[in-house]
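Pasted below: work-v3.pdb, PDB, C-alpha atoms.
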```
ATOM      1  CA  MET A   1     110.569  84.836 111.727
ATOM      2  CA  SER A   2     113.595  85.763 109.680
ATOM      3  CA  ARG A   3     112.285  89.208 108.731
ATOM      4  CA  LYS A   4     114.619  91.615 110.475
ATOM      5  CA  ARG A   5     113.281  95.108 111.015
ATOM      6  CA  VAL A   6     115.246  98.242 110.319
ATOM      7  CA  SER A   7     115.100 100.811 113.105
ATOM      8  CA  GLY A   8     112.879 103.825 112.520
ATOM      9  CA  LYS A   9     115.713 106.298 112.813
ATOM     10  CA  ALA A  10     117.878 104.420 110.296
ATOM     11  CA  VAL A  11     114.953 104.359 107.871
ATOM     12  CA  ARG A  12     114.377 108.097 108.156
ATOM     13  CA  ASP A  13     118.099 108.867 107.797
ATOM     14  CA  ILE A  14     118.333 106.875 104.574
ATOM     15  CA  ALA A  15     115.050 108.379 103.390
ATOM     16  CA  SER A  16     116.214 111.972 104.012
ATOM     17  CA  ALA A  17     119.448 111.317 102.138
ATOM     18  CA  ARG A  18     117.507 109.846  99.217
ATOM     19  CA  ILE A  19     115.048 112.756  99.199
ATOM     20  CA  ASP A  20     117.950 115.216  98.909
ATOM     21  CA  ARG A  21     119.621 113.148  96.198
ATOM     22  CA  LEU A  22     116.417 112.898  94.167
ATOM     23  CA  TYR A  23     115.721 116.635  94.368
ATOM     24  CA  ALA A  24     119.298 117.356  93.260
ATOM     25  CA  ALA A  25     118.786 114.948  90.354
ATOM     26  CA  ALA A  26     115.522 116.733  89.495
ATOM     27  CA  LEU A  27     117.276 120.120  89.425
ATOM     28  CA  GLU A  28     119.992 118.625  87.210
ATOM     29  CA  ALA A  29     117.317 117.330  84.835
ATOM     30  CA  VAL A  30     115.770 120.823  84.705
ATOM     31  CA  ALA A  31     119.203 122.245  83.840
ATOM     32  CA  GLU A  32     119.396 119.763  80.951
ATOM     33  CA  ASP A  33     115.846 120.699  79.813
ATOM     34  CA  ASP A  34     114.578 117.229  80.664
ATOM     35  CA  TRP A  35     111.347 118.195  82.424
ATOM     36  CA  ASP A  36     109.759 114.728  82.243
ATOM     37  CA  TYR A  37     112.553 113.145  84.264
ATOM     38  CA  ALA A  38     112.578 116.104  86.669
ATOM     39  CA  ALA A  39     108.896 115.542  87.475
ATOM     40  CA  ARG A  40     109.497 111.799  87.766
ATOM     41  CA  TYR A  41     112.246 112.327  90.352
ATOM     42  CA  VAL A  42     110.032 114.637  92.428
ATOM     43  CA  GLU A  43     107.291 111.983  92.300
ATOM     44  CA  MET A  44     109.785 109.346  93.545
ATOM     45  CA  MET A  45     110.880 111.745  96.282
ATOM     46  CA  LEU A  46     107.262 112.183  97.450
ATOM     47  CA  ALA A  47     106.729 108.411  97.376
ATOM     48  CA  ILE A  48     109.682 107.930  99.735
ATOM     49  CA  SER A  49     108.351 110.644 102.035
ATOM     50  CA  ARG A  50     104.881 109.051 102.166
ATOM     51  CA  ARG A  51     106.363 105.633 102.837
ATOM     52  CA  THR A  52     108.769 106.583 105.614
ATOM     53  CA  LYS A  53     107.269 109.759 107.119
ATOM     54  CA  ALA A  54     110.531 111.567 106.349
ATOM     55  CA  PRO A  55     109.763 115.271 105.820
ATOM     56  CA  ILE A  56     110.335 117.110 102.527
ATOM     57  CA  PRO A  57     112.409 120.237 103.298
ATOM     58  CA  ARG A  58     110.611 123.492 102.518
ATOM     59  CA  GLU A  59     113.329 124.527 100.098
ATOM     60  CA  HIS A  60     112.465 121.580  97.847
ATOM     61  CA  ARG A  61     109.795 123.409  95.890
ATOM     62  CA  TYR A  62     107.704 121.625  93.307
ATOM     63  CA  CYS A  63     104.491 122.230  91.376
ATOM     64  CA  LYS A  64     101.351 120.814  93.000
ATOM     65  CA  GLY A  65      99.825 120.099  89.597
ATOM     66  CA  CYS A  66     102.585 118.374  87.632
ATOM     67  CA  ARG A  67     105.374 117.733  90.198
ATOM     68  CA  LEU A  68     107.888 119.809  88.261
ATOM     69  CA  PRO A  69     110.515 121.382  90.549
ATOM     70  CA  LEU A  70     109.972 125.140  90.656
ATOM     71  CA  VAL A  71     113.090 127.019  89.601
ATOM     72  CA  ALA A  72     112.629 130.756  89.105
ATOM     73  CA  GLY A  73     113.649 131.741  85.589
ATOM     74  CA  ALA A  74     113.594 128.180  84.302
ATOM     75  CA  THR A  75     110.388 126.285  85.086
ATOM     76  CA  CYS A  76     108.229 128.987  86.632
ATOM     77  CA  THR A  77     107.582 132.729  86.673
ATOM     78  CA  VAL A  78     107.575 134.677  89.928
ATOM     79  CA  ARG A  79     105.602 137.930  90.079
ATOM     80  CA  LEU A  80     104.245 140.188  92.807
ATOM     81  CA  SER A  81     100.625 141.275  92.615
ATOM     82  CA  ASN A  82      97.760 141.929  95.050
ATOM     83  CA  HIS A  83     100.158 141.682  98.016
ATOM     84  CA  LYS A  84     101.076 138.106  97.127
ATOM     85  CA  VAL A  85     103.997 136.303  95.524
ATOM     86  CA  ILE A  86     102.494 134.581  92.482
ATOM     87  CA  ILE A  87     104.388 131.507  91.263
ATOM     88  CA  THR A  88     103.126 130.153  87.937
ATOM     89  CA  CYS A  89     104.330 126.749  86.741
ATOM     90  CA  GLY A  90     105.807 126.953  83.241
ATOM     91  CA  ASN A  91     104.543 123.498  82.325
ATOM     92  CA  CYS A  92     100.922 123.324  83.498
ATOM     93  CA  ASN A  93     100.189 126.951  84.543
ATOM     94  CA  THR A  94      99.211 125.925  88.056
ATOM     95  CA  ILE A  95      99.323 129.027  90.229
ATOM     96  CA  ARG A  96     100.610 129.183  93.766
ATOM     97  CA  ARG A  97      99.980 132.348  95.799
ATOM     98  CA  LEU A  98     102.069 133.143  98.842
ATOM     99  CA  PRO A  99     100.862 136.149 100.847
ATOM    100  CA  TYR A 100     103.551 138.175 102.587
ATOM    101  CA  LEU A 101     101.503 139.425 105.535
ATOM    102  CA  ARG A 102     104.312 139.384 108.070
ATOM    103  CA  GLU A 103     106.521 141.617 105.932
ATOM    104  CA  GLN A 104     103.637 144.034 105.399
ATOM    105  CA  ARG A 105     102.951 144.172 109.136
ATOM    106  CA  ASN A 106     106.616 144.847 109.844
ATOM    107  CA  ASP A 107     106.665 147.593 107.197
ATOM    108  CA  ARG A 108     103.657 149.257 108.808
ATOM    109  CA  LYS A 109     105.330 149.199 112.210
ATOM    110  CA  ALA A 110     108.584 150.609 110.829
ATOM    111  CA  GLY A 111     106.917 153.214 108.604
TER     112      GLY A 111
ATOM    113  CA  MET B   1     128.983 100.880 103.545
ATOM    114  CA  ARG B   2     127.749  97.315 103.727
ATOM    115  CA  LEU B   3     126.127  95.820 100.658
ATOM    116  CA  ARG B   4     122.835  95.585 102.541
ATOM    117  CA  ASP B   5     122.882  99.299 103.341
ATOM    118  CA  PHE B   6     123.888 100.172  99.802
ATOM    119  CA  MET B   7     120.834  98.374  98.455
ATOM    120  CA  ARG B   8     118.660 100.813 100.457
ATOM    121  CA  THR B   9     120.199 103.980  98.988
ATOM    122  CA  GLU B  10     119.161 105.922  95.905
ATOM    123  CA  PHE B  11     120.200 104.488  92.534
ATOM    124  CA  VAL B  12     119.161 107.394  90.295
ATOM    125  CA  GLY B  13     122.311 109.169  89.120
ATOM    126  CA  LEU B  14     124.740 106.353  89.971
ATOM    127  CA  GLU B  15     127.074 104.734  87.430
ATOM    128  CA  VAL B  16     126.110 101.151  86.746
ATOM    129  CA  GLY B  17     127.241  98.320  84.508
ATOM    130  CA  VAL B  18     125.443  95.082  83.687
ATOM    131  CA  ASP B  19     127.398  91.817  83.966
ATOM    132  CA  SER B  20     124.874  89.167  83.018
ATOM    133  CA  PRO B  21     122.762  87.851  81.298
ATOM    134  CA  ASP B  22     124.511  88.136  77.928
ATOM    135  CA  CYS B  23     121.738  90.007  76.144
ATOM    136  CA  TYR B  24     122.102  92.952  78.573
ATOM    137  CA  ALA B  25     125.825  92.584  79.335
ATOM    138  CA  GLY B  26     127.798  95.659  78.332
ATOM    139  CA  VAL B  27     124.995  98.119  79.098
ATOM    140  CA  SER B  28     126.622 100.768  81.261
ATOM    141  CA  GLY B  29     126.059 104.385  82.225
ATOM    142  CA  LYS B  30     123.973 106.476  84.579
ATOM    143  CA  VAL B  31     120.761 105.212  86.139
ATOM    144  CA  VAL B  32     117.930 107.499  84.976
ATOM    145  CA  ASP B  33     114.855 105.696  86.254
ATOM    146  CA  GLU B  34     113.777 102.821  88.448
ATOM    147  CA  THR B  35     110.565 100.849  88.728
ATOM    148  CA  ARG B  36     109.652  97.755  90.709
ATOM    149  CA  ASN B  37     110.976  95.364  88.084
ATOM    150  CA  THR B  38     113.363  97.428  85.959
ATOM    151  CA  LEU B  39     116.271  99.831  85.995
ATOM    152  CA  SER B  40     116.666 102.341  83.130
ATOM    153  CA  VAL B  41     120.248 103.148  82.171
ATOM    154  CA  ARG B  42     121.455 105.860  79.785
ATOM    155  CA  SER B  43     123.970 103.844  77.827
ATOM    156  CA  GLY B  44     125.761 105.463  74.902
ATOM    157  CA  GLY B  45     123.067 107.954  73.897
ATOM    158  CA  THR B  46     120.078 105.633  74.312
ATOM    159  CA  VAL B  47     118.106 104.675  77.402
ATOM    160  CA  ARG B  48     118.055 100.923  77.981
ATOM    161  CA  THR B  49     115.495  99.384  80.313
ATOM    162  CA  VAL B  50     116.974  96.361  82.078
ATOM    163  CA  PRO B  51     114.857  93.926  84.123
ATOM    164  CA  LYS B  52     116.106  93.462  87.675
ATOM    165  CA  ARG B  53     115.196  89.839  88.191
ATOM    166  CA  GLY B  54     118.055  87.530  87.204
ATOM    167  CA  THR B  55     120.456  90.349  86.326
ATOM    168  CA  VAL B  56     123.802  91.108  87.984
ATOM    169  CA  PHE B  57     124.503  94.835  88.361
ATOM    170  CA  ARG B  58     127.845  96.446  89.120
ATOM    171  CA  PHE B  59     127.341  99.848  90.796
ATOM    172  CA  SER B  60     130.223 102.224  91.381
ATOM    173  CA  LEU B  61     129.971 104.781  94.160
ATOM    174  CA  GLY B  62     133.139 106.882  94.299
ATOM    175  CA  ASP B  63     135.905 104.288  94.061
ATOM    176  CA  VAL B  64     133.910 101.516  95.743
ATOM    177  CA  GLU B  65     132.161  98.912  93.632
ATOM    178  CA  TYR B  66     129.051  97.007  94.661
ATOM    179  CA  VAL B  67     127.997  93.864  92.842
ATOM    180  CA  VAL B  68     124.270  93.464  93.332
ATOM    181  CA  ASP B  69     122.028  90.591  92.350
ATOM    182  CA  GLY B  70     119.002  92.201  90.717
ATOM    183  CA  SER B  71     116.626  89.710  92.350
ATOM    184  CA  ASP B  72     117.555  91.179  95.758
ATOM    185  CA  ILE B  73     116.439  94.688  94.768
ATOM    186  CA  ASN B  74     113.246  93.622  93.035
ATOM    187  CA  HIS B  75     111.049  96.110  94.922
ATOM    188  CA  ARG B  76     109.580  99.535  94.211
ATOM    189  CA  PRO B  77     112.221 102.225  94.799
ATOM    190  CA  GLU B  78     110.369 103.607  97.850
ATOM    191  CA  ASP B  79     109.954 100.104  99.305
ATOM    192  CA  ARG B  80     113.631  99.213  99.051
ATOM    193  CA  ILE B  81     114.396 101.104 102.268
ATOM    194  CA  LYS B  82     112.285  98.782 104.390
ATOM    195  CA  LYS B  83     112.007  95.608 102.332
ATOM    196  CA  VAL B  84     115.630  94.880 101.413
ATOM    197  CA  ARG B  85     117.249  92.596 103.942
TER     198      ARG B  85
END
```
As a first step, turn the structure in this file into structure tokens.
Amino acid sequence: MSRKRVSGKAVRDIASARIDRLYAAALEAVAEDDWDYAARYVEMMLAISRRTKAPIPREHRYCKGCRLPLVAGATCTVRLSNHKVIITCGNCNTIRRLPYLREQRNDRKAG
Amino acid sequence: MRLRDFMRTEFVGLEVGVDSPDCYAGVSGKVVDETRNTLSVRSGGTVRTVPKRGTVFRFSLGDVEYVVDGSDINHRPEDRIKKVR
């Protein structure tokens, strides 16, 4: 067989580099008001992650509904209500709620 | 970076020029999209979609230039990592 395999570590290294590059490209597209391309780059990033099992860093935030990268003040609104951080996508209005229980617990202890 | 390794990296955002065939020669600019069979290039205000198969691409990464035969990268972008050899 002439098919030479690439080692798993090499694959994940390349994949992580490409994931970072694609997210940077997506943010650039958002800055240029090109939301379609931004969502496309996030979709490509997720495809690479699925294919290679390379993780998506937590800081690479995107909308679950339309794959648009979430940038506060540009593509989404961030509000606090009901003891949660509410992130609303500016394109498809998908809502993400992040409770901040740990902070509340710490406040109670301190106060 | 070896040519083989370069063909596994991300193309979106790179500067690219097309050498041949004649009908696509002269297209040059930033890569904006990639599919299994095509590469989309923003060339002088318009986006041109160039088929990969049978095309010779000239990528520049910093001051290094890579001449790539399009038939060698005729895979989906996420498959290029494992399939290119």
Interface list for chain A, partner chain B, 9 Å threshold, only C-alpha atoms, as a ChimeraX atom specification: /A:3-6,11,14-15,17-19,21-22,25,37,40-41,44-45,47-52
Target residues per the PyMOL selection byres ((chain B and resi 15) around 10), formatted as a list in words: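 When the PyMOL selection byres ((chain B and resi 15) around 10) is applied to the shown file, the picked residues are Phe11, Val12, Gly13, Leu14, Val16, Gly17, Ser28, Gly29, Lys30, Val31, Val32, Val41, Arg42, Arg58, Phe59, Ser60, Leu61, Gly62 and Glu65 of chain B.
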Could you put an axis-aligned box around every listed atom of region 37-49 of chain B, padded by 5 Å on each side, and send me its centre and edge lengths in Å to one decimal, as JSON?
```
{"center_x": 118.4, "center_y": 101.7, "center_z": 81.0, "size_x": 24.8, "size_y": 22.6, "size_z": 24.2}
```
Reference answer for the PyMOL selection byres ((chain B and resi 24) around 10), as a ChimeraX atom specification: /B:17-23,25-28,48-51,55-56
Distance in Å - CA of Glu28 (chain A) versus CA of Lys64 (chain A):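 Distance reported for this atom pair: 19.6 Å.
Note that the spacing between CA of Cys76 (chain A) and CA of Gly90 (chain A) amounts to 4.6 Å.
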Shell around Ser81 (chain A) at 12 Å using all atoms listed in the file, local window under 2 positions removed, as a count of residues only: 11
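Coordinates place CA of Ile73 (chain B) at a distance of 27.3 Å from CA of Leu68 (chain A).
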Among listed residues B:Gly45, B:Ser40, B:Arg53, B:Arg2, nearest His75 (chain B) (using all atoms listed in the file):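 For His75 (chain B), the nearest of the candidates is B:Arg53.
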Selected residue of minimal separation from Ala29 (chain A) among A:Gly65, A:Lys9, A:Arg58, A:Thr75, counting all atoms listed in the file: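 For Ala29 (chain A), the nearest of the given residues is A:Thr75.
Nearest-residue note for Cys63 (chain A): choosing from A:Asn91, A:Gln104, A:Ser16, A:Asn82, the minimum distance belongs to A:Asn91, counting all atoms listed in the file.
Considering the residues B:Arg4, B:Gly54, B:Asn74, B:Val68 and counting all atoms listed in the file, Arg36 (chain B) has its shortest atom-to-atom contact with B:Asn74.
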